[in-house]
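The data block below is input_19.cif; it holds mmCIF, C-alpha atoms and all ligand atoms.
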data_protein
loop_
_atom_site.group_PDB
_atom_site.id
_atom_site.type_symbol
_atom_site.label_atom_id
_atom_site.label_comp_id
_atom_site.auth_asym_id
_atom_site.auth_seq_id
_atom_site.Cartn_x
_atom_site.Cartn_y
_atom_site.Cartn_z
ATOM 1 C CA MET B 1 -1.077 -176.738 -0.050
ATOM 2 C CA SER B 2 -1.895 -173.852 -2.355
ATOM 3 C CA PRO B 3 0.609 -172.240 -4.686
ATOM 4 C CA LYS B 4 1.603 -168.619 -4.226
ATOM 5 C CA PRO B 5 -0.995 -166.425 -5.956
ATOM 6 C CA GLY B 6 0.192 -165.321 -9.353
ATOM 7 C CA THR B 7 2.770 -168.092 -9.797
ATOM 8 C CA GLU B 8 2.154 -170.876 -12.226
ATOM 9 C CA HIS B 9 4.825 -173.509 -11.894
ATOM 10 C CA VAL B 10 5.579 -175.897 -14.705
ATOM 11 C CA VAL B 11 7.366 -178.986 -13.353
ATOM 12 C CA PHE B 12 9.707 -181.025 -15.548
ATOM 13 C CA SER B 13 10.998 -184.411 -14.488
ATOM 14 C CA MET B 14 14.458 -185.429 -15.566
ATOM 15 C CA PRO B 15 14.535 -189.182 -16.433
ATOM 16 C CA GLY B 16 14.060 -191.314 -13.307
ATOM 17 C CA ASN B 17 12.398 -188.568 -11.238
ATOM 18 C CA GLU B 18 8.848 -189.045 -12.518
ATOM 19 C CA ARG B 19 7.376 -190.174 -9.170
ATOM 20 C CA GLN B 20 8.721 -187.189 -7.192
ATOM 21 C CA ALA B 21 7.783 -184.777 -9.995
ATOM 22 C CA ALA B 22 4.214 -186.111 -10.117
ATOM 23 C CA ALA B 23 3.890 -185.790 -6.325
ATOM 24 C CA LEU B 24 5.160 -182.213 -6.529
ATOM 25 C CA CYS B 25 2.636 -181.376 -9.258
ATOM 26 C CA ARG B 26 -0.183 -182.775 -7.114
ATOM 27 C CA ALA B 27 0.937 -180.872 -4.009
ATOM 28 C CA LEU B 28 1.468 -177.541 -5.784
ATOM 29 C CA HIS B 29 -1.388 -177.935 -8.281
ATOM 30 C CA ALA B 30 1.342 -177.341 -10.845
ATOM 31 C CA LYS B 31 1.438 -178.359 -14.495
ATOM 32 C CA ALA B 32 3.571 -181.305 -15.564
ATOM 33 C CA GLY B 33 5.831 -180.095 -18.359
ATOM 34 C CA LYS B 34 6.626 -182.225 -21.402
ATOM 35 C CA ALA B 35 10.163 -182.565 -22.700
ATOM 36 C CA ILE B 36 12.283 -185.207 -24.352
ATOM 37 C CA VAL B 37 15.703 -185.927 -22.862
ATOM 38 C CA ARG B 38 17.765 -188.494 -24.731
ATOM 39 C CA HIS B 39 21.195 -189.326 -26.093
ATOM 40 C CA PHE B 40 22.492 -189.503 -29.641
ATOM 41 C CA PRO B 41 24.231 -192.765 -30.560
ATOM 42 C CA ASP B 42 27.598 -191.084 -29.929
ATOM 43 C CA GLY B 43 26.591 -190.321 -26.328
ATOM 44 C CA GLU B 44 25.851 -186.610 -26.687
ATOM 45 C CA SER B 45 22.782 -185.413 -24.785
ATOM 46 C CA VAL B 46 19.888 -183.827 -26.646
ATOM 47 C CA VAL B 47 16.759 -182.224 -25.183
ATOM 48 C CA MET B 48 13.536 -181.023 -26.771
ATOM 49 C CA LEU B 49 11.113 -178.815 -24.875
ATOM 50 C CA GLN B 50 7.496 -179.641 -25.739
ATOM 51 C CA GLU B 51 5.816 -177.108 -23.477
ATOM 52 C CA ASP B 52 5.110 -173.390 -23.601
ATOM 53 C CA VAL B 53 7.092 -171.967 -20.673
ATOM 54 C CA ALA B 54 7.100 -168.301 -21.718
ATOM 55 C CA GLY B 55 6.662 -166.145 -18.625
ATOM 56 C CA ARG B 56 6.149 -169.146 -16.340
ATOM 57 C CA ASP B 57 8.114 -170.301 -13.321
ATOM 58 C CA VAL B 58 9.820 -173.602 -14.054
ATOM 59 C CA ILE B 59 10.966 -176.362 -11.699
ATOM 60 C CA LEU B 60 13.291 -179.129 -12.845
ATOM 61 C CA VAL B 61 13.205 -182.231 -10.638
ATOM 62 C CA CYS B 62 16.444 -184.184 -10.676
ATOM 63 C CA THR B 63 18.048 -186.034 -7.815
ATOM 64 C CA LEU B 64 21.785 -185.938 -8.368
ATOM 65 C CA ASP B 65 23.261 -189.274 -7.393
ATOM 66 C CA HIS B 66 25.712 -190.298 -10.161
ATOM 67 C CA PRO B 67 25.847 -186.582 -10.948
ATOM 68 C CA ASP B 68 28.388 -186.504 -13.740
ATOM 69 C CA ALA B 69 26.028 -188.258 -16.173
ATOM 70 C CA LYS B 70 23.024 -186.209 -15.077
ATOM 71 C CA VAL B 71 24.179 -182.612 -14.988
ATOM 72 C CA LEU B 72 24.724 -181.965 -18.683
ATOM 73 C CA PRO B 73 21.214 -183.031 -19.799
ATOM 74 C CA LEU B 74 19.904 -181.071 -16.794
ATOM 75 C CA PHE B 75 21.733 -177.936 -17.894
ATOM 76 C CA TRP B 76 20.526 -178.423 -21.472
ATOM 77 C CA LEU B 77 16.889 -178.589 -20.362
ATOM 78 C CA ALA B 78 17.380 -175.515 -18.161
ATOM 79 C CA ALA B 79 18.899 -173.717 -21.167
ATOM 80 C CA ALA B 80 15.973 -174.786 -23.375
ATOM 81 C CA ALA B 81 13.472 -173.386 -20.855
ATOM 82 C CA ARG B 82 15.374 -170.091 -20.591
ATOM 83 C CA GLU B 83 15.713 -169.732 -24.357
ATOM 84 C CA ASN B 84 11.956 -170.209 -24.578
ATOM 85 C CA GLY B 85 11.224 -167.369 -22.185
ATOM 86 C CA SER B 86 10.744 -169.056 -18.792
ATOM 87 C CA ALA B 87 10.571 -166.833 -15.701
ATOM 88 C CA ARG B 88 12.277 -168.050 -12.486
ATOM 89 C CA MET B 89 13.846 -171.481 -12.790
ATOM 90 C CA GLY B 90 14.360 -173.713 -9.774
ATOM 91 C CA LEU B 91 16.040 -177.050 -9.206
ATOM 92 C CA LEU B 92 14.548 -179.604 -6.852
ATOM 93 C CA ALA B 93 17.434 -181.990 -6.222
ATOM 94 C CA PRO B 94 16.529 -184.256 -3.281
ATOM 95 C CA TYR B 95 20.143 -185.494 -3.166
ATOM 96 C CA LEU B 96 22.864 -182.878 -3.596
ATOM 97 C CA PRO B 97 26.209 -184.497 -4.470
ATOM 98 C CA TYR B 98 29.836 -183.435 -4.052
ATOM 99 C CA MET B 99 29.168 -182.051 -0.573
ATOM 100 C CA ARG B 100 31.599 -184.494 1.060
ATOM 101 C CA GLN B 101 34.417 -183.010 -1.022
ATOM 102 C CA ASP B 102 34.440 -179.999 1.274
ATOM 103 C CA LYS B 103 38.182 -179.729 1.864
ATOM 104 C CA VAL B 104 41.489 -180.271 0.106
ATOM 105 C CA PHE B 105 42.271 -183.557 1.855
ATOM 106 C CA ARG B 106 45.474 -184.157 -0.164
ATOM 107 C CA ALA B 107 47.582 -181.692 -2.118
ATOM 108 C CA GLY B 108 46.365 -181.364 -5.683
ATOM 109 C CA GLU B 109 42.699 -182.024 -4.896
ATOM 110 C CA ILE B 110 39.999 -179.338 -5.108
ATOM 111 C CA VAL B 111 37.030 -178.395 -2.927
ATOM 112 C CA SER B 112 34.594 -179.854 -5.448
ATOM 113 C CA ALA B 113 31.588 -178.806 -3.368
ATOM 114 C CA ARG B 114 32.372 -175.152 -4.167
ATOM 115 C CA HIS B 115 32.807 -175.740 -7.889
ATOM 116 C CA PHE B 116 29.657 -177.828 -8.130
ATOM 117 C CA ALA B 117 27.667 -175.177 -6.248
ATOM 118 C CA ALA B 118 29.007 -172.501 -8.599
ATOM 119 C CA LEU B 119 27.928 -174.589 -11.611
ATOM 120 C CA LEU B 120 24.371 -175.046 -10.307
ATOM 121 C CA SER B 121 24.181 -171.378 -9.281
ATOM 122 C CA GLY B 122 24.952 -170.429 -12.883
ATOM 123 C CA HIS B 123 22.020 -172.382 -14.301
ATOM 124 C CA PHE B 124 19.230 -171.987 -11.723
ATOM 125 C CA ASP B 125 17.571 -169.222 -9.698
ATOM 126 C CA TRP B 126 17.022 -171.353 -6.610
ATOM 127 C CA LEU B 127 17.684 -174.812 -5.173
ATOM 128 C CA VAL B 128 15.677 -177.021 -2.828
ATOM 129 C CA THR B 129 17.392 -180.124 -1.469
ATOM 130 C CA VAL B 130 17.320 -182.529 1.487
ATOM 131 C CA ASP B 131 19.979 -182.756 4.202
ATOM 132 C CA PRO B 132 23.029 -181.704 2.210
ATOM 133 C CA HIS B 133 26.198 -183.045 3.827
ATOM 134 C CA LEU B 134 27.081 -179.881 5.734
ATOM 135 C CA HIS B 135 30.209 -180.522 7.735
ATOM 136 C CA ARG B 136 33.152 -178.206 7.091
ATOM 137 C CA ILE B 137 30.847 -176.031 5.008
ATOM 138 C CA GLY B 138 28.358 -174.721 7.566
ATOM 139 C CA CYS B 139 25.482 -173.726 5.289
ATOM 140 C CA LEU B 140 24.655 -173.730 1.594
ATOM 141 C CA SER B 141 24.854 -169.938 1.309
ATOM 142 C CA GLU B 142 28.624 -170.239 1.861
ATOM 143 C CA ILE B 143 28.950 -171.876 -1.550
ATOM 144 C CA PHE B 144 25.749 -171.070 -3.500
ATOM 145 C CA SER B 145 25.064 -167.619 -4.887
ATOM 146 C CA ILE B 146 21.343 -168.436 -5.383
ATOM 147 C CA PRO B 147 18.668 -168.867 -2.672
ATOM 148 C CA THR B 148 18.565 -172.364 -1.206
ATOM 149 C CA VAL B 149 16.254 -174.360 1.029
ATOM 150 C CA ALA B 150 17.603 -177.424 2.842
ATOM 151 C CA ILE B 151 14.883 -179.743 4.095
ATOM 152 C CA ARG B 152 15.532 -181.840 7.180
ATOM 153 C CA ALA B 153 14.640 -185.529 6.954
ATOM 154 C CA ALA B 154 14.812 -185.901 10.752
ATOM 155 C CA PRO B 155 11.075 -185.338 11.441
ATOM 156 C CA ALA B 156 10.068 -187.968 8.866
ATOM 157 C CA ILE B 157 12.700 -190.436 10.101
ATOM 158 C CA ALA B 158 11.674 -189.877 13.718
ATOM 159 C CA GLN B 159 8.028 -190.467 12.793
ATOM 160 C CA TRP B 160 8.940 -193.755 11.090
ATOM 161 C CA ILE B 161 10.940 -194.884 14.125
ATOM 162 C CA ARG B 162 8.110 -193.966 16.508
ATOM 163 C CA ASN B 163 5.669 -196.019 14.410
ATOM 164 C CA GLU B 164 7.911 -199.042 13.846
ATOM 165 C CA ILE B 165 10.338 -199.500 16.769
ATOM 166 C CA ALA B 166 9.340 -199.971 20.398
ATOM 167 C CA ALA B 167 12.475 -199.082 22.367
ATOM 168 C CA PRO B 168 14.949 -197.433 19.988
ATOM 169 C CA LEU B 169 18.497 -196.447 20.893
ATOM 170 C CA ILE B 170 19.536 -193.923 18.228
ATOM 171 C CA ILE B 171 23.165 -194.321 17.213
ATOM 172 C CA GLY B 172 25.279 -192.210 14.868
ATOM 173 C CA PRO B 173 28.404 -193.818 13.390
ATOM 174 C CA ASP B 174 30.510 -190.655 13.493
ATOM 175 C CA GLU B 175 30.676 -187.078 14.710
ATOM 176 C CA GLU B 176 29.218 -185.779 11.439
ATOM 177 C CA SER B 177 25.995 -187.689 12.129
ATOM 178 C CA ARG B 178 25.481 -186.015 15.523
ATOM 179 C CA GLN B 179 23.231 -183.329 13.992
ATOM 180 C CA TRP B 180 20.712 -185.910 12.717
ATOM 181 C CA VAL B 181 21.038 -188.368 15.571
ATOM 182 C CA GLU B 182 20.393 -185.890 18.380
ATOM 183 C CA ASP B 183 17.469 -184.294 16.553
ATOM 184 C CA ILE B 184 15.867 -187.680 15.845
ATOM 185 C CA ALA B 185 16.483 -188.973 19.381
ATOM 186 C CA THR B 186 14.838 -185.874 20.868
ATOM 187 C CA ARG B 187 11.815 -186.320 18.615
ATOM 188 C CA CYS B 188 11.571 -190.024 19.589
ATOM 189 C CA GLU B 189 12.258 -189.358 23.285
ATOM 190 C CA ALA B 190 15.116 -191.842 22.973
ATOM 191 C CA THR B 191 18.775 -191.866 23.983
ATOM 192 C CA ALA B 192 21.377 -190.800 21.402
ATOM 193 C CA VAL B 193 24.898 -192.206 21.146
ATOM 194 C CA VAL B 194 27.575 -191.088 18.690
ATOM 195 C CA LEU B 195 30.446 -193.425 17.771
ATOM 196 C CA GLU B 196 33.892 -192.327 16.575
ATOM 197 C CA LYS B 197 34.963 -192.935 12.968
ATOM 198 C CA ASP B 198 38.373 -192.762 11.388
ATOM 199 C CA ARG B 199 38.245 -193.046 7.586
ATOM 200 C CA LEU B 200 41.297 -194.962 6.344
ATOM 201 C CA SER B 201 40.417 -195.036 2.607
ATOM 202 C CA ASP B 202 37.409 -194.887 0.248
ATOM 203 C CA THR B 203 36.422 -198.374 1.351
ATOM 204 C CA ALA B 204 37.885 -198.758 4.836
ATOM 205 C CA VAL B 205 36.851 -197.127 8.106
ATOM 206 C CA HIS B 206 37.677 -197.755 11.743
ATOM 207 C CA ILE B 207 34.885 -197.251 14.263
ATOM 208 C CA ALA B 208 35.566 -196.832 17.974
ATOM 209 C CA VAL B 209 32.840 -197.199 20.560
ATOM 210 C CA PRO B 210 32.532 -194.863 23.550
ATOM 211 C CA THR B 211 30.699 -195.918 26.705
ATOM 212 C CA LEU B 212 27.384 -197.408 25.624
ATOM 213 C CA PRO B 213 24.191 -197.827 27.609
ATOM 214 C CA ARG B 214 23.397 -201.429 28.595
ATOM 215 C CA ALA B 215 21.953 -203.223 25.559
ATOM 216 C CA GLY B 216 18.882 -204.435 27.483
ATOM 217 C CA ASP B 217 15.714 -204.657 25.395
ATOM 218 C CA SER B 218 16.482 -201.653 23.245
ATOM 219 C CA THR B 219 16.722 -201.875 19.453
ATOM 220 C CA PRO B 220 19.847 -200.188 18.110
ATOM 221 C CA VAL B 221 18.962 -197.832 15.255
ATOM 222 C CA LEU B 222 21.958 -196.646 13.239
ATOM 223 C CA VAL B 223 21.285 -193.361 11.440
ATOM 224 C CA ASP B 224 23.485 -191.640 8.858
ATOM 225 C CA ASP B 225 22.892 -189.163 6.061
ATOM 226 C CA ILE B 226 24.545 -191.146 3.255
ATOM 227 C CA VAL B 227 25.298 -194.808 2.712
ATOM 228 C CA SER B 228 27.761 -195.145 -0.145
ATOM 229 C CA THR B 229 30.126 -198.125 0.167
ATOM 230 C CA GLY B 230 28.264 -199.134 3.333
ATOM 231 C CA HIS B 231 31.477 -199.609 5.304
ATOM 232 C CA THR B 232 30.579 -196.949 7.873
ATOM 233 C CA MET B 233 27.294 -198.690 8.723
ATOM 234 C CA LEU B 234 28.829 -202.168 8.451
ATOM 235 C CA GLU B 235 31.670 -201.412 10.864
ATOM 236 C CA ALA B 236 29.306 -199.663 13.280
ATOM 237 C CA ALA B 237 26.949 -202.670 13.199
ATOM 238 C CA ARG B 238 29.870 -205.035 13.882
ATOM 239 C CA ARG B 239 31.066 -202.983 16.866
ATOM 240 C CA LEU B 240 27.547 -202.965 18.324
ATOM 241 C CA ARG B 241 27.329 -206.758 17.989
ATOM 242 C CA GLU B 242 30.680 -207.091 19.791
ATOM 243 C CA HIS B 243 29.150 -205.070 22.641
ATOM 244 C CA GLY B 244 26.193 -207.415 23.009
ATOM 245 C CA TYR B 245 23.616 -205.510 20.972
ATOM 246 C CA ARG B 246 21.164 -207.210 18.662
ATOM 247 C CA PRO B 247 21.440 -206.528 14.866
ATOM 248 C CA PRO B 248 20.630 -202.875 14.241
ATOM 249 C CA VAL B 249 18.020 -201.243 12.089
ATOM 250 C CA CYS B 250 20.054 -199.115 9.643
ATOM 251 C CA ILE B 251 18.445 -195.894 8.384
ATOM 252 C CA CYS B 252 19.892 -193.396 5.929
ATOM 253 C CA VAL B 253 18.600 -190.321 4.170
ATOM 254 C CA HIS B 254 20.378 -190.811 0.841
ATOM 255 C CA ALA B 255 20.558 -194.415 -0.395
ATOM 256 C CA LEU B 256 23.560 -194.361 -2.729
ATOM 257 C CA PHE B 257 24.570 -197.985 -2.011
ATOM 258 C CA ALA B 258 27.562 -198.463 -4.315
ATOM 259 C CA GLY B 259 28.481 -201.978 -5.499
ATOM 260 C CA THR B 260 27.390 -204.699 -3.071
ATOM 261 C CA ALA B 261 26.771 -202.284 -0.174
ATOM 262 C CA TYR B 262 23.049 -202.985 0.104
ATOM 263 C CA ALA B 263 23.407 -206.781 0.136
ATOM 264 C CA ASP B 264 26.348 -206.562 2.558
ATOM 265 C CA LEU B 265 24.380 -204.378 4.949
ATOM 266 C CA CYS B 266 21.211 -206.491 4.702
ATOM 267 C CA ALA B 267 23.343 -209.477 5.807
ATOM 268 C CA VAL B 268 24.244 -207.865 9.159
ATOM 269 C CA ALA B 269 21.258 -205.578 9.860
ATOM 270 C CA ALA B 270 17.795 -206.358 11.173
ATOM 271 C CA ASP B 271 16.427 -203.947 8.566
ATOM 272 C CA VAL B 272 17.764 -201.383 6.079
ATOM 273 C CA VAL B 273 15.567 -198.347 5.499
ATOM 274 C CA SER B 274 16.005 -195.095 3.573
ATOM 275 C CA CYS B 275 14.211 -191.911 2.649
ATOM 276 C CA ASP B 276 13.201 -191.657 -0.997
ATOM 277 C CA THR B 277 15.647 -188.954 -2.102
ATOM 278 C CA VAL B 278 17.328 -191.546 -4.345
ATOM 279 C CA GLU B 279 15.179 -194.360 -5.779
ATOM 280 C CA HIS B 280 16.200 -197.617 -4.099
ATOM 281 C CA PRO B 281 14.534 -200.833 -2.821
ATOM 282 C CA SER B 282 15.193 -199.653 0.758
ATOM 283 C CA ASN B 283 12.999 -196.520 0.321
ATOM 284 C CA ARG B 284 10.377 -196.608 3.083
ATOM 285 C CA ILE B 285 10.284 -192.991 4.276
ATOM 286 C CA PRO B 286 8.598 -190.768 1.679
ATOM 287 C CA LEU B 287 9.534 -187.098 1.650
ATOM 288 C CA ALA B 288 7.202 -185.811 -1.093
ATOM 289 C CA ALA B 289 5.209 -183.629 1.303
ATOM 290 C CA TRP B 290 8.404 -182.145 2.715
ATOM 291 C CA LEU B 291 9.790 -181.475 -0.754
ATOM 292 C CA ALA B 292 6.607 -179.662 -1.741
ATOM 293 C CA ALA B 293 6.755 -177.635 1.487
ATOM 294 C CA GLY B 294 10.344 -176.674 0.681
ATOM 295 C CA VAL B 295 9.409 -175.523 -2.827
ATOM 296 C CA GLN B 296 6.467 -173.579 -1.433
ATOM 297 C CA ALA B 297 8.706 -171.984 1.221
ATOM 298 C CA GLU B 298 11.074 -170.858 -1.524
ATOM 299 C CA ALA B 299 8.181 -169.462 -3.568
ATOM 300 C CA ASP B 300 6.989 -167.602 -0.465
ATOM 301 C CA GLY B 301 10.463 -166.136 0.025
ATOM 302 C CA LEU B 302 10.946 -168.120 3.231
ATOM 303 C CA ARG B 303 14.445 -169.301 2.444
ATOM 304 C CA ASN B 304 15.826 -170.969 5.467
ATOM 305 C CA ASP B 305 19.547 -171.137 5.084
ATOM 306 C CA PRO B 306 21.414 -171.375 7.481
ATOM 307 C CA ALA B 307 18.392 -172.561 9.466
ATOM 308 C CA ARG B 308 16.606 -175.475 7.837
ATOM 309 C CA ILE B 309 13.076 -176.795 7.455
HETATM 310 C C1 LIG T 401 30.336 -189.047 5.792
HETATM 311 O O1 LIG T 401 30.793 -188.787 6.885
HETATM 312 C C2 LIG T 401 28.915 -189.453 5.653
HETATM 313 O O2 LIG T 401 28.150 -188.882 6.683
HETATM 314 C C3 LIG T 401 28.728 -190.958 5.649
HETATM 315 O O3 LIG T 401 29.085 -191.478 6.901
HETATM 316 C C4 LIG T 401 29.571 -191.587 4.579
HETATM 317 O O4 LIG T 401 29.363 -190.953 3.359
HETATM 318 C C5 LIG T 401 29.277 -193.056 4.440
HETATM 319 O O5 LIG T 401 30.104 -193.557 3.440
HETATM 320 P P1 LIG T 401 30.321 -195.116 3.280
HETATM 321 O O6 LIG T 401 28.993 -195.764 3.172
HETATM 322 O O7 LIG T 401 31.135 -195.218 2.011
HETATM 323 O O8 LIG T 401 31.106 -195.589 4.464
#
Written as structure tokens, how would this file's structure read?
Amino acid sequence: MSPKPGTEHVVFSMPGNERQAAALCRALHAKAGKAIVRHFPDGESVVMLQEDVAGRDVILVCTLDHPDAKVLPLFWLAAAARENGSARMGLLAPYLPYMRQDKVFRAGEIVSARHFAALLSGHFDWLVTVDPHLHRIGCLSEIFSIPTVAIRAAPAIAQWIRNEIAAPLIIGPDEESRQWVEDIATRCEATAVVLEKDRLSDTAVHIAVPTLPRAGDSTPVLVDDIVSTGHTMLEAARRLREHGYRPPVCICVHALFAGTAYADLCAVAADVVSCDTVEHPSNRIPLAAWLAAGVQAEADGLRNDPARI
């Protein structure tokens, strides 16, 4: 992959994103920028740019799980780059948070996805991310005022399934997962099934099972974009067992795994696998090449929203 002629990206890694930032530098032949990001003893964030960014395009790499603690240092580093004369400034955030808060579910709540998008739009010139949770919000341009590229993890997940699982049955736990499940099933030449989910609370879901194909020799592969508490995957796995299926392979894009979710899921699943948008022991599907392609597409002006890479 060659960078756009005339652009000279400097890539900064926010703490914890060093591996993805290094891969991006290799793919784009970009320079790794030096900066210190730390906290004063009272908890305030402090950044120190140690790189000449004047006139240069800057990319900050920061996946945004646990976003509240990450965004302020991120904004400070973006401000430091701007104050030191950077040209265009992009954010590569493999996981984009707050997207599930896409509706006022109960009076008094807010559509946080809109506010978060407005915040990021105020600090960056573009955003590249992976499979944002687009449900009631149809595409990122509905809420972002900057160009965005949303990379699909489906091709990489489908490739992993083709390599690792002989007779997969691709199963989505809820209607929202249909977009990933049908794409992946098509790519794997497998059957897709979508279950029905009713969310009762943060930590309780009810999953109903429509007519399922005969279990036979197939391996059930549960696919979802996010695993947070794990209850969606856990309940889906339990329903499949009740219908005579063997323990499923559980695959997600964004491995948030709150509390004991990972251990709980490992106890009922044949395997638990994730893409590497959020660092986690389950990461087995690397997306570095796709992330670099997304950044290059943005640099080439090939923004793809509402369509996606
Ligand atoms: C929402 O519909 C998402 O696609 C996931 O299904 C959801 O975030 C999973 O959450 P949890 O692991 O807490 O059940």
List all protein, DNA and RNA residues that have at least one atom no more than 10 Å from any atom of ligand LIG 401 (chain T), counting all atoms listed in the file, and write them as a short mmCIF file (atom, residue, chain, number, x, y, z; two decimals) with C-alpha atoms, in the coordinates of the input.
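Result file is out-v8.cif:
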data_model
loop_
_atom_site.label_atom_id
_atom_site.label_comp_id
_atom_site.auth_asym_id
_atom_site.auth_seq_id
_atom_site.Cartn_x
_atom_site.Cartn_y
_atom_site.Cartn_z
CA MET B 99 29.17 -182.05 -0.57
CA ARG B 100 31.60 -184.49 1.06
CA GLN B 101 34.42 -183.01 -1.02
CA PRO B 132 23.03 -181.70 2.21
CA HIS B 133 26.20 -183.04 3.83
CA LEU B 134 27.08 -179.88 5.73
CA HIS B 135 30.21 -180.52 7.74
CA GLY B 172 25.28 -192.21 14.87
CA PRO B 173 28.40 -193.82 13.39
CA ASP B 174 30.51 -190.66 13.49
CA GLU B 175 30.68 -187.08 14.71
CA GLU B 176 29.22 -185.78 11.44
CA SER B 177 26.00 -187.69 12.13
CA ARG B 178 25.48 -186.02 15.52
CA LYS B 197 34.96 -192.94 12.97
CA ASP B 198 38.37 -192.76 11.39
CA ARG B 199 38.24 -193.05 7.59
CA SER B 201 40.42 -195.04 2.61
CA ASP B 202 37.41 -194.89 0.25
CA THR B 203 36.42 -198.37 1.35
CA ALA B 204 37.88 -198.76 4.84
CA VAL B 205 36.85 -197.13 8.11
CA VAL B 223 21.28 -193.36 11.44
CA ASP B 224 23.48 -191.64 8.86
CA ASP B 225 22.89 -189.16 6.06
CA ILE B 226 24.54 -191.15 3.26
CA VAL B 227 25.30 -194.81 2.71
CA SER B 228 27.76 -195.14 -0.14
CA THR B 229 30.13 -198.12 0.17
CA GLY B 230 28.26 -199.13 3.33
CA HIS B 231 31.48 -199.61 5.30
CA THR B 232 30.58 -196.95 7.87
CA MET B 233 27.29 -198.69 8.72
CA LEU B 234 28.83 -202.17 8.45
CA GLU B 235 31.67 -201.41 10.86
CA ALA B 236 29.31 -199.66 13.28
CA CYS B 252 19.89 -193.40 5.93
CA VAL B 253 18.60 -190.32 4.17
CA HIS B 254 20.38 -190.81 0.84
CA ALA B 255 20.56 -194.42 -0.40
CA LEU B 256 23.56 -194.36 -2.73
CA PHE B 257 24.57 -197.98 -2.01
CA ALA B 258 27.56 -198.46 -4.32
CA ALA B 261 26.77 -202.28 -0.17
CA TYR B 262 23.05 -202.98 0.10
CA LEU B 265 24.38 -204.38 4.95
#
Give as a PyMOL selection string the residues that the PyMOL selection byres (((chain B and resi 23) around 12) and not hetatm) matches when applied to the coordinates above. chain B and resi 11-13+17-22+24-32+61+286-293
Requested write-out: C-alpha atoms of the selected residues, as a PDB file, in the coordinates of the input:
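Final output, out-v2.pdb:
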ATOM      1  CA  VAL B  11       7.366-178.986 -13.353  1.00  0.00           C
ATOM      2  CA  PHE B  12       9.707-181.025 -15.548  1.00  0.00           C
ATOM      3  CA  SER B  13      10.998-184.411 -14.488  1.00  0.00           C
ATOM      4  CA  ASN B  17      12.398-188.568 -11.238  1.00  0.00           C
ATOM      5  CA  GLU B  18       8.848-189.045 -12.518  1.00  0.00           C
ATOM      6  CA  ARG B  19       7.376-190.174  -9.170  1.00  0.00           C
ATOM      7  CA  GLN B  20       8.721-187.189  -7.192  1.00  0.00           C
ATOM      8  CA  ALA B  21       7.783-184.777  -9.995  1.00  0.00           C
ATOM      9  CA  ALA B  22       4.214-186.111 -10.117  1.00  0.00           C
ATOM     10  CA  LEU B  24       5.160-182.213  -6.529  1.00  0.00           C
ATOM     11  CA  CYS B  25       2.636-181.376  -9.258  1.00  0.00           C
ATOM     12  CA  ARG B  26      -0.183-182.775  -7.114  1.00  0.00           C
ATOM     13  CA  ALA B  27       0.937-180.872  -4.009  1.00  0.00           C
ATOM     14  CA  LEU B  28       1.468-177.541  -5.784  1.00  0.00           C
ATOM     15  CA  HIS B  29      -1.388-177.935  -8.281  1.00  0.00           C
ATOM     16  CA  ALA B  30       1.342-177.341 -10.845  1.00  0.00           C
ATOM     17  CA  LYS B  31       1.438-178.359 -14.495  1.00  0.00           C
ATOM     18  CA  ALA B  32       3.571-181.305 -15.564  1.00  0.00           C
ATOM     19  CA  VAL B  61      13.205-182.231 -10.638  1.00  0.00           C
ATOM     20  CA  PRO B 286       8.598-190.768   1.679  1.00  0.00           C
ATOM     21  CA  LEU B 287       9.534-187.098   1.650  1.00  0.00           C
ATOM     22  CA  ALA B 288       7.202-185.811  -1.093  1.00  0.00           C
ATOM     23  CA  ALA B 289       5.209-183.629   1.303  1.00  0.00           C
ATOM     24  CA  TRP B 290       8.404-182.145   2.715  1.00  0.00           C
ATOM     25  CA  LEU B 291       9.790-181.475  -0.754  1.00  0.00           C
ATOM     26  CA  ALA B 292       6.607-179.662  -1.741  1.00  0.00           C
ATOM     27  CA  ALA B 293       6.755-177.635   1.487  1.00  0.00           C
TER      28      ALA B 293
END
Evaluate the PyMOL selection byres (((chain B and resi 77-87) around 8) and not hetatm) on the structure here and hand back the selected residues as a list in words. Val37, Val47, Met48, Leu49, Asp52, Val53, Ala54, Gly55, Arg56, Asp57, Val58, Leu60, Pro73, Leu74, Phe75, Trp76, Arg88, Met89, His123 and Phe124 of chain B
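Distances from B:Ile171, B:Cys266, B:Val104, B:Cys275 to Leu240 (chain B) were compared using all atoms listed in the file, and the smallest one belongs to B:Ile171.
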Care to translate the PyMOL selection byres (((chain B and resi 158) around 12) and not hetatm) into actual residues of this file, as a PyMOL selection string? chain B and resi 152-157+159-165+168-170+180-190+221+223+251-253+275+285
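Between CA of Pro248 (chain B) and CA of Ala269 (chain B) the separation is 5.2 Å.
Note that CA of Pro97 (chain B) and CA of Pro67 (chain B) are 6.8 Å apart.
Distance annotation: of B:Asp102, B:Arg136, B:Leu64, B:His9, the residue with the minimal separation from Leu120 (chain B) is B:Leu64; atom set is only C-alpha atoms.
Closest approach to Val128 (chain B) among B:Ser282, B:Thr260, B:Thr219, B:Thr277: B:Thr277, based on all atoms listed in the file.
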